[in-house]
Structures are given as C-alpha cells and as structure tokens.
Amino acid sequence: MNLDSTVPKILPLLAERLGTVVQNRTVLIPETFGGGTCSGYVFNEHLRLLILNYDLREDLIVKSPEVMPPGKMILFKFQNVISETQGANRPSVLIATSHMQTDGVVPIHSHRSTLNIEIDAQYLKSLLDTSDLPPLLQSLLENTQPLLFEEMIFPSLQAIVDAIVSETVEETFKLFFLRVKVEELICRLLMVLKKRDQTPLYALNPHDLEIIYTIRDQMLARLETPPVIEELARQAHMSSSKFKRLFRQIFGDSFLVITKPSESKKRLVC
C-alpha cells in the first residue's frame, strides 16, 4: 500500500485551500489561517480516521471528493476528547448512519476538536456474530434509515482515544496500531449500545434533532432545576410520548449521569 492511498482525499483539498501540503498524513494549519492540525488515515477501503484539532480564522467549505451512497458508511464522531481542548465540555461520541450526512460538501468550521471514524456498514457487519443482535444494532448495521445515538465517553474509552491521538508509534507499525485501536473503540461502543433496550426505533429528521439538542443544552444549563417531561415536550411542540421516545433513543440512559437532582431522574425516565 503506497502512502497516497492511506491519505483521505479531503486532506490534499484542504491543504490546497490553505496554501500548504500534506506531510506524514497531516495538514499543519498555517499561522496566517489560524493553527492546529488535521490528520487522516485510510486503513483499507472499509475504514478511515480523521483527527481534527485546529482553529481557523474563518469557516471554509470544501467539496467532498468521496460522497458515499446512502447505506454505505457509519460515522463515529468523538467530541471533546482531545485533552487540551476538553475544558468544561463533556466528552461524547455521536454514532450516525450515512443517511444523516447526505450533502456533498464538508464544512471546515473555525474551531474543531474531533476524532471521526467512518466504517463500511457491511464490513462492520462481517466482523460480528449477527445471529443474536438486538433491534437497535440490527437497525444501525442495516443503515437504511437516518439514526443518531450519543454516548458519554467513559475512562476506558478515553484511554483508547488518548493512545490514538498521542502515543508515539514508529511508521512501520503506525497504521496497524491505529487500525487496531479504532476497531477496539467501535467494538466497545457497540457493546454499550447493545445494552440499550429500545424498540422500535424511529427515523430522525433534522428539525426534530435540532429541537431535541436545543432542549438538552438548556437542561444542562439548568441542572439545579428538575426537568418535567410535559413542559419539555410542550417547548418542543411534541407530544410527551414522542419527546420521551426520541430523547431516550438518542441519548439512552447515559444522559442521566450528568443530571444532578435525583428528582430529575425520576421525572425524566419512564
């Protein structure tokens, strides 16, 4: 495998926009545009990784050279997991089917600190014993409808992310090392998702997703106030049953660990 085939095609396009080059699978952001790095690795035709940790003076839009057909890739997007950028933000991971990302452009936002893994749904399915998968994992692997789940990052996951981002590995073993760590991350997350007892699953639309996240952020800003389902549903312009269904589908029970008042847990969970 030559070096070029291990570099995601988005990196040379970004480098060209910034007037620089890709070196060691990394774009170093010039000081005139901001600072930081964008690194990428293509392990095989089924699996790739982007590590984005930069600040730009302004947003950019780059035309994606790799628009995958719906049903192809599943995205694991790790947020606030790079230690120097965590601050007060909660480390979490978004797990999304390809139907949640359908446009042909890549927004390069002015600030980004994420670790993105894309894996072919059929390839992932081939790695598992699918004879006894719960409905949630079946739906994720089928990748036929827009779904998104969020999980909090627990210490053992963070340790794997830290190894991916920070551990020094000689070039001979680098791709092998990173691929093993990436697949371990995915495996551990699937093991967590398997514990969720959610059926049926409902296809998401951008409007409902935006509302759910807006209300989630408001709840986090007022942890001292116990949330009441009926009030939150009214604010979302949804029935209580729909709001509870979508909220729990996206966040599972992991959201509850960051709610302080015990009363809020009683009122939020049904």
# chains A, B, ... in the order shown; residues from 1 in each chain; ligands from 1

$ residues_around --residues "A:Pro91" --least-positions-apart "6" --cutoff "7 Å" --atoms "only C-alpha atoms" --output "ChimeraX atom specification"
/A:79-81,152-153

$ residues_around --residues "stretch 177-186 of chain A" --least-positions-apart "2" --cutoff "12 Å" --atoms "only C-alpha atoms" --output "ChimeraX atom specification"
/A:6,40-44,46-51,74-78,93-95,115-121,123-125,127-128,153-154,156-175,188-193

$ residues_around --residues "A:Thr32" --least-positions-apart "5" --cutoff "10 Å" --atoms "only C-alpha atoms" --output "JSON, numbers by chain"
{"A": [18, 56, 57]}

$ write_last_selection --atoms "all heavy atoms" --output "mmCIF file, in the first residue's frame"
data_model
loop_
_atom_site.group_PDB
_atom_site.id
_atom_site.type_symbol
_atom_site.label_atom_id
_atom_site.label_comp_id
_atom_site.auth_asym_id
_atom_site.auth_seq_id
_atom_site.Cartn_x
_atom_site.Cartn_y
_atom_site.Cartn_z
ATOM 1 N N LEU A 18 -5.500 26.040 1.814
ATOM 2 C CA LEU A 18 -4.714 26.770 2.813
ATOM 3 C C LEU A 18 -3.310 27.114 2.320
ATOM 4 O O LEU A 18 -2.516 27.699 3.063
ATOM 5 C CB LEU A 18 -4.614 25.951 4.105
ATOM 6 C CG LEU A 18 -5.934 25.645 4.811
ATOM 7 C CD1 LEU A 18 -5.699 24.728 6.003
ATOM 8 C CD2 LEU A 18 -6.630 26.926 5.257
ATOM 9 N N LEU A 56 -9.398 27.985 12.989
ATOM 10 C CA LEU A 56 -9.261 28.783 11.778
ATOM 11 C C LEU A 56 -9.847 30.166 12.020
ATOM 12 O O LEU A 56 -10.754 30.333 12.848
ATOM 13 C CB LEU A 56 -9.983 28.123 10.603
ATOM 14 C CG LEU A 56 -9.432 26.799 10.082
ATOM 15 C CD1 LEU A 56 -10.356 26.250 9.002
ATOM 16 C CD2 LEU A 56 -8.023 26.968 9.544
ATOM 17 N N ARG A 57 -9.357 31.130 11.293
ATOM 18 C CA ARG A 57 -9.878 32.493 11.449
ATOM 19 C C ARG A 57 -11.274 32.636 10.838
ATOM 20 O O ARG A 57 -12.019 33.542 11.184
ATOM 21 C CB ARG A 57 -8.914 33.499 10.804
ATOM 22 C CG ARG A 57 -7.512 33.450 11.414
ATOM 23 C CD ARG A 57 -6.642 34.587 10.929
ATOM 24 N NE ARG A 57 -5.251 34.382 11.293
ATOM 25 C CZ ARG A 57 -4.741 34.589 12.495
ATOM 26 N NH1 ARG A 57 -5.525 35.024 13.466
ATOM 27 N NH2 ARG A 57 -3.457 34.378 12.728
#

$ select_by_dssp --residues "stretch 32-258 of chain A" --states "alpha helix (DSSP H)" --output "VMD selection string"
chain A and resid 83 to 86 121 to 126 135 to 142 155 to 166 171 to 194 206 to 221 229 to 236 240 to 251

$ closest_residue --among "A:Phe33, A:Phe251, A:Ile215, A:Ser113" --to "A:Arg234" --atoms "only C-alpha atoms"
A:Ile215

$ select_by_dssp --residues "stretch 9-250 of chain A" --states "strand (DSSP E)" --output "PyMOL selection string"
chain A and resi 22-23+26-28+34-44+47-56+60-63+73-79+92-97+105-108+111-120+148-152

$ write_last_selection --atoms "C-alpha atoms" --output "mmCIF file, in the first residue's frame"
data_model
loop_
_atom_site.group_PDB
_atom_site.id
_atom_site.type_symbol
_atom_site.label_atom_id
_atom_site.label_comp_id
_atom_site.auth_asym_id
_atom_site.auth_seq_id
_atom_site.Cartn_x
_atom_site.Cartn_y
_atom_site.Cartn_z
ATOM 1 C CA VAL A 22 0.108 17.164 3.363
ATOM 2 C CA GLN A 23 3.077 15.780 5.283
ATOM 3 C CA THR A 26 -1.157 15.647 8.338
ATOM 4 C CA VAL A 27 -2.052 19.186 7.305
ATOM 5 C CA LEU A 28 -0.403 21.766 9.553
ATOM 6 C CA GLY A 34 -5.081 30.025 12.406
ATOM 7 C CA GLY A 35 -3.359 26.997 13.915
ATOM 8 C CA GLY A 36 -3.577 23.311 14.679
ATOM 9 C CA THR A 37 -3.574 20.126 12.622
ATOM 10 C CA CYS A 38 -5.782 17.827 10.541
ATOM 11 C CA SER A 39 -4.562 14.243 10.268
ATOM 12 C CA GLY A 40 -6.112 11.364 8.380
ATOM 13 C CA TYR A 41 -5.612 7.651 7.806
ATOM 14 C CA VAL A 42 -7.205 5.278 5.301
ATOM 15 C CA PHE A 43 -6.670 1.779 6.684
ATOM 16 C CA ASN A 44 -8.484 -0.005 3.871
ATOM 17 C CA LEU A 47 -12.281 2.050 7.367
ATOM 18 C CA ARG A 48 -10.779 5.519 7.801
ATOM 19 C CA LEU A 49 -9.951 8.034 10.518
ATOM 20 C CA LEU A 50 -9.708 11.826 10.749
ATOM 21 C CA ILE A 51 -8.210 13.626 13.759
ATOM 22 C CA LEU A 52 -9.188 17.306 13.660
ATOM 23 C CA ASN A 53 -7.724 19.703 16.208
ATOM 24 C CA TYR A 54 -7.476 23.247 14.905
ATOM 25 C CA ASP A 55 -8.633 26.856 14.982
ATOM 26 C CA LEU A 56 -9.261 28.783 11.778
ATOM 27 C CA LEU A 60 -14.306 27.048 4.918
ATOM 28 C CA ILE A 61 -16.380 24.863 2.648
ATOM 29 C CA VAL A 62 -14.631 22.057 0.782
ATOM 30 C CA LYS A 63 -16.323 19.924 -1.864
ATOM 31 C CA MET A 73 -20.734 4.239 5.873
ATOM 32 C CA ILE A 74 -21.440 4.605 9.587
ATOM 33 C CA LEU A 75 -19.878 7.591 11.363
ATOM 34 C CA PHE A 76 -18.437 7.580 14.894
ATOM 35 C CA LYS A 77 -17.745 11.212 15.828
ATOM 36 C CA PHE A 78 -15.860 11.750 19.100
ATOM 37 C CA GLN A 79 -16.248 15.239 20.586
ATOM 38 C CA SER A 92 -19.073 12.180 23.997
ATOM 39 C CA VAL A 93 -19.437 10.247 20.772
ATOM 40 C CA LEU A 94 -22.123 10.554 18.100
ATOM 41 C CA ILE A 95 -22.944 7.383 16.158
ATOM 42 C CA ALA A 96 -24.770 8.176 12.918
ATOM 43 C CA THR A 97 -25.940 6.298 9.855
ATOM 44 C CA VAL A 105 -19.729 19.450 0.929
ATOM 45 C CA VAL A 106 -17.580 19.292 4.035
ATOM 46 C CA PRO A 107 -17.880 22.277 6.389
ATOM 47 C CA ILE A 108 -14.466 23.164 7.819
ATOM 48 C CA HIS A 111 -12.849 25.546 15.552
ATOM 49 C CA ARG A 112 -12.850 21.778 15.594
ATOM 50 C CA SER A 113 -11.613 19.198 18.038
ATOM 51 C CA THR A 114 -12.969 15.834 16.974
ATOM 52 C CA LEU A 115 -11.952 12.332 16.073
ATOM 53 C CA ASN A 116 -14.036 10.943 13.206
ATOM 54 C CA ILE A 117 -14.167 7.272 12.264
ATOM 55 C CA GLU A 118 -16.034 6.049 9.191
ATOM 56 C CA ILE A 119 -16.600 2.343 8.690
ATOM 57 C CA ASP A 120 -18.439 0.486 5.963
ATOM 58 C CA LEU A 148 -28.212 9.022 15.554
ATOM 59 C CA PHE A 149 -27.151 7.939 19.030
ATOM 60 C CA GLU A 150 -24.980 9.743 21.566
ATOM 61 C CA GLU A 151 -22.934 8.145 24.325
ATOM 62 C CA MET A 152 -20.830 9.695 27.070
#

$ atom_distance --atom1 "atom CA of A:Asp59" --atom2 "atom CA of A:Glu45"
29.2 Å

$ atom_distance --atom1 "atom CA of A:His237" --atom2 "atom CA of A:Ile211"
9.1 Å

$ atom_distance --atom1 "atom CA of A:Leu201" --atom2 "atom CA of A:Thr214"
21.0 Å

$ closest_residue --among "A:Pro146, A:Ser126, A:Ala221, A:Arg25" --to "A:Val7" --atoms "only C-alpha atoms"
A:Arg25

$ decode --residues "stretch 173-202 of chain A" --atoms "N, CA and C atoms" --output "PDB file, in the first residue's frame"
ATOM      1  N   PHE A 173       4.750   0.403  12.207  1.00  0.00           N
ATOM      2  CA  PHE A 173       3.593  -0.160  12.887  1.00  0.00           C
ATOM      3  C   PHE A 173       2.417   0.806  12.999  1.00  0.00           C
ATOM      4  N   LYS A 174       2.572   2.044  12.536  1.00  0.00           N
ATOM      5  CA  LYS A 174       1.587   3.091  12.840  1.00  0.00           C
ATOM      6  C   LYS A 174       0.184   2.761  12.337  1.00  0.00           C
ATOM      7  N   LEU A 175       0.051   2.408  11.066  1.00  0.00           N
ATOM      8  CA  LEU A 175      -1.278   2.117  10.527  1.00  0.00           C
ATOM      9  C   LEU A 175      -1.901   0.904  11.215  1.00  0.00           C
ATOM     10  N   PHE A 176      -1.092  -0.108  11.461  1.00  0.00           N
ATOM     11  CA  PHE A 176      -1.570  -1.314  12.142  1.00  0.00           C
ATOM     12  C   PHE A 176      -2.047  -0.965  13.546  1.00  0.00           C
ATOM     13  N   PHE A 177      -1.223  -0.212  14.274  1.00  0.00           N
ATOM     14  CA  PHE A 177      -1.563   0.192  15.642  1.00  0.00           C
ATOM     15  C   PHE A 177      -2.868   0.984  15.679  1.00  0.00           C
ATOM     16  N   LEU A 178      -2.976   1.983  14.810  1.00  0.00           N
ATOM     17  CA  LEU A 178      -4.167   2.836  14.814  1.00  0.00           C
ATOM     18  C   LEU A 178      -5.418   2.064  14.403  1.00  0.00           C
ATOM     19  N   ARG A 179      -5.287   1.175  13.410  1.00  0.00           N
ATOM     20  CA  ARG A 179      -6.457   0.404  12.986  1.00  0.00           C
ATOM     21  C   ARG A 179      -6.975  -0.474  14.124  1.00  0.00           C
ATOM     22  N   VAL A 180      -6.064  -1.122  14.842  1.00  0.00           N
ATOM     23  CA  VAL A 180      -6.478  -1.967  15.966  1.00  0.00           C
ATOM     24  C   VAL A 180      -7.204  -1.128  17.022  1.00  0.00           C
ATOM     25  N   LYS A 181      -6.667   0.045  17.326  1.00  0.00           N
ATOM     26  CA  LYS A 181      -7.290   0.912  18.333  1.00  0.00           C
ATOM     27  C   LYS A 181      -8.651   1.416  17.861  1.00  0.00           C
ATOM     28  N   VAL A 182      -8.740   1.777  16.587  1.00  0.00           N
ATOM     29  CA  VAL A 182     -10.006   2.260  16.034  1.00  0.00           C
ATOM     30  C   VAL A 182     -11.062   1.166  16.097  1.00  0.00           C
ATOM     31  N   GLU A 183     -10.704  -0.047  15.708  1.00  0.00           N
ATOM     32  CA  GLU A 183     -11.670  -1.133  15.747  1.00  0.00           C
ATOM     33  C   GLU A 183     -12.049  -1.491  17.188  1.00  0.00           C
ATOM     34  N   GLU A 184     -11.114  -1.341  18.121  1.00  0.00           N
ATOM     35  CA  GLU A 184     -11.449  -1.577  19.532  1.00  0.00           C
ATOM     36  C   GLU A 184     -12.463  -0.544  20.018  1.00  0.00           C
ATOM     37  N   LEU A 185     -12.277   0.719  19.636  1.00  0.00           N
ATOM     38  CA  LEU A 185     -13.235   1.765  20.006  1.00  0.00           C
ATOM     39  C   LEU A 185     -14.633   1.412  19.505  1.00  0.00           C
ATOM     40  N   ILE A 186     -14.720   1.039  18.239  1.00  0.00           N
ATOM     41  CA  ILE A 186     -16.019   0.706  17.654  1.00  0.00           C
ATOM     42  C   ILE A 186     -16.636  -0.489  18.377  1.00  0.00           C
ATOM     43  N   CYS A 187     -15.836  -1.508  18.639  1.00  0.00           N
ATOM     44  CA  CYS A 187     -16.339  -2.700  19.319  1.00  0.00           C
ATOM     45  C   CYS A 187     -16.895  -2.354  20.688  1.00  0.00           C
ATOM     46  N   ARG A 188     -16.157  -1.575  21.448  1.00  0.00           N
ATOM     47  CA  ARG A 188     -16.607  -1.225  22.803  1.00  0.00           C
ATOM     48  C   ARG A 188     -17.887  -0.393  22.766  1.00  0.00           C
ATOM     49  N   LEU A 189     -18.002   0.473  21.774  1.00  0.00           N
ATOM     50  CA  LEU A 189     -19.225   1.274  21.663  1.00  0.00           C
ATOM     51  C   LEU A 189     -20.424   0.421  21.275  1.00  0.00           C
ATOM     52  N   LEU A 190     -20.226  -0.537  20.399  1.00  0.00           N
ATOM     53  CA  LEU A 190     -21.316  -1.441  20.044  1.00  0.00           C
ATOM     54  C   LEU A 190     -21.747  -2.268  21.249  1.00  0.00           C
ATOM     55  N   MET A 191     -20.803  -2.628  22.093  1.00  0.00           N
ATOM     56  CA  MET A 191     -21.129  -3.373  23.303  1.00  0.00           C
ATOM     57  C   MET A 191     -22.001  -2.532  24.242  1.00  0.00           C
ATOM     58  N   VAL A 192     -21.716  -1.222  24.285  1.00  0.00           N
ATOM     59  CA  VAL A 192     -22.537  -0.319  25.105  1.00  0.00           C
ATOM     60  C   VAL A 192     -23.924  -0.167  24.491  1.00  0.00           C
ATOM     61  N   LEU A 193     -23.991   0.048  23.177  1.00  0.00           N
ATOM     62  CA  LEU A 193     -25.281   0.209  22.511  1.00  0.00           C
ATOM     63  C   LEU A 193     -26.143  -1.046  22.650  1.00  0.00           C
ATOM     64  N   LYS A 194     -25.518  -2.192  22.686  1.00  0.00           N
ATOM     65  CA  LYS A 194     -26.255  -3.449  22.799  1.00  0.00           C
ATOM     66  C   LYS A 194     -27.079  -3.505  24.098  1.00  0.00           C
ATOM     67  N   LYS A 195     -26.638  -2.758  25.117  1.00  0.00           N
ATOM     68  CA  LYS A 195     -27.333  -2.761  26.405  1.00  0.00           C
ATOM     69  C   LYS A 195     -28.581  -1.885  26.396  1.00  0.00           C
ATOM     70  N   ARG A 196     -28.703  -1.048  25.371  1.00  0.00           N
ATOM     71  CA  ARG A 196     -29.888  -0.194  25.293  1.00  0.00           C
ATOM     72  C   ARG A 196     -31.103  -1.044  24.918  1.00  0.00           C
ATOM     73  N   ASP A 197     -32.165  -0.833  25.636  1.00  0.00           N
ATOM     74  CA  ASP A 197     -33.398  -1.587  25.367  1.00  0.00           C
ATOM     75  C   ASP A 197     -34.394  -0.660  24.700  1.00  0.00           C
ATOM     76  N   GLN A 198     -34.248  -0.491  23.408  1.00  0.00           N
ATOM     77  CA  GLN A 198     -35.092   0.468  22.681  1.00  0.00           C
ATOM     78  C   GLN A 198     -35.643  -0.183  21.432  1.00  0.00           C
ATOM     79  N   THR A 199     -36.936  -0.353  21.392  1.00  0.00           N
ATOM     80  CA  THR A 199     -37.588  -0.866  20.204  1.00  0.00           C
ATOM     81  C   THR A 199     -39.046  -0.397  20.233  1.00  0.00           C
ATOM     82  N   PRO A 200     -39.604   0.069  19.123  1.00  0.00           N
ATOM     83  CA  PRO A 200     -38.912   0.225  17.842  1.00  0.00           C
ATOM     84  C   PRO A 200     -38.068   1.491  17.813  1.00  0.00           C
ATOM     85  N   LEU A 201     -37.255   1.642  16.754  1.00  0.00           N
ATOM     86  CA  LEU A 201     -36.501   2.863  16.528  1.00  0.00           C
ATOM     87  C   LEU A 201     -37.230   3.721  15.502  1.00  0.00           C
ATOM     88  N   TYR A 202     -37.063   5.022  15.635  1.00  0.00           N
ATOM     89  CA  TYR A 202     -37.769   5.942  14.754  1.00  0.00           C
ATOM     90  C   TYR A 202     -36.761   6.750  13.937  1.00  0.00           C
TER      91      TYR A 202
END
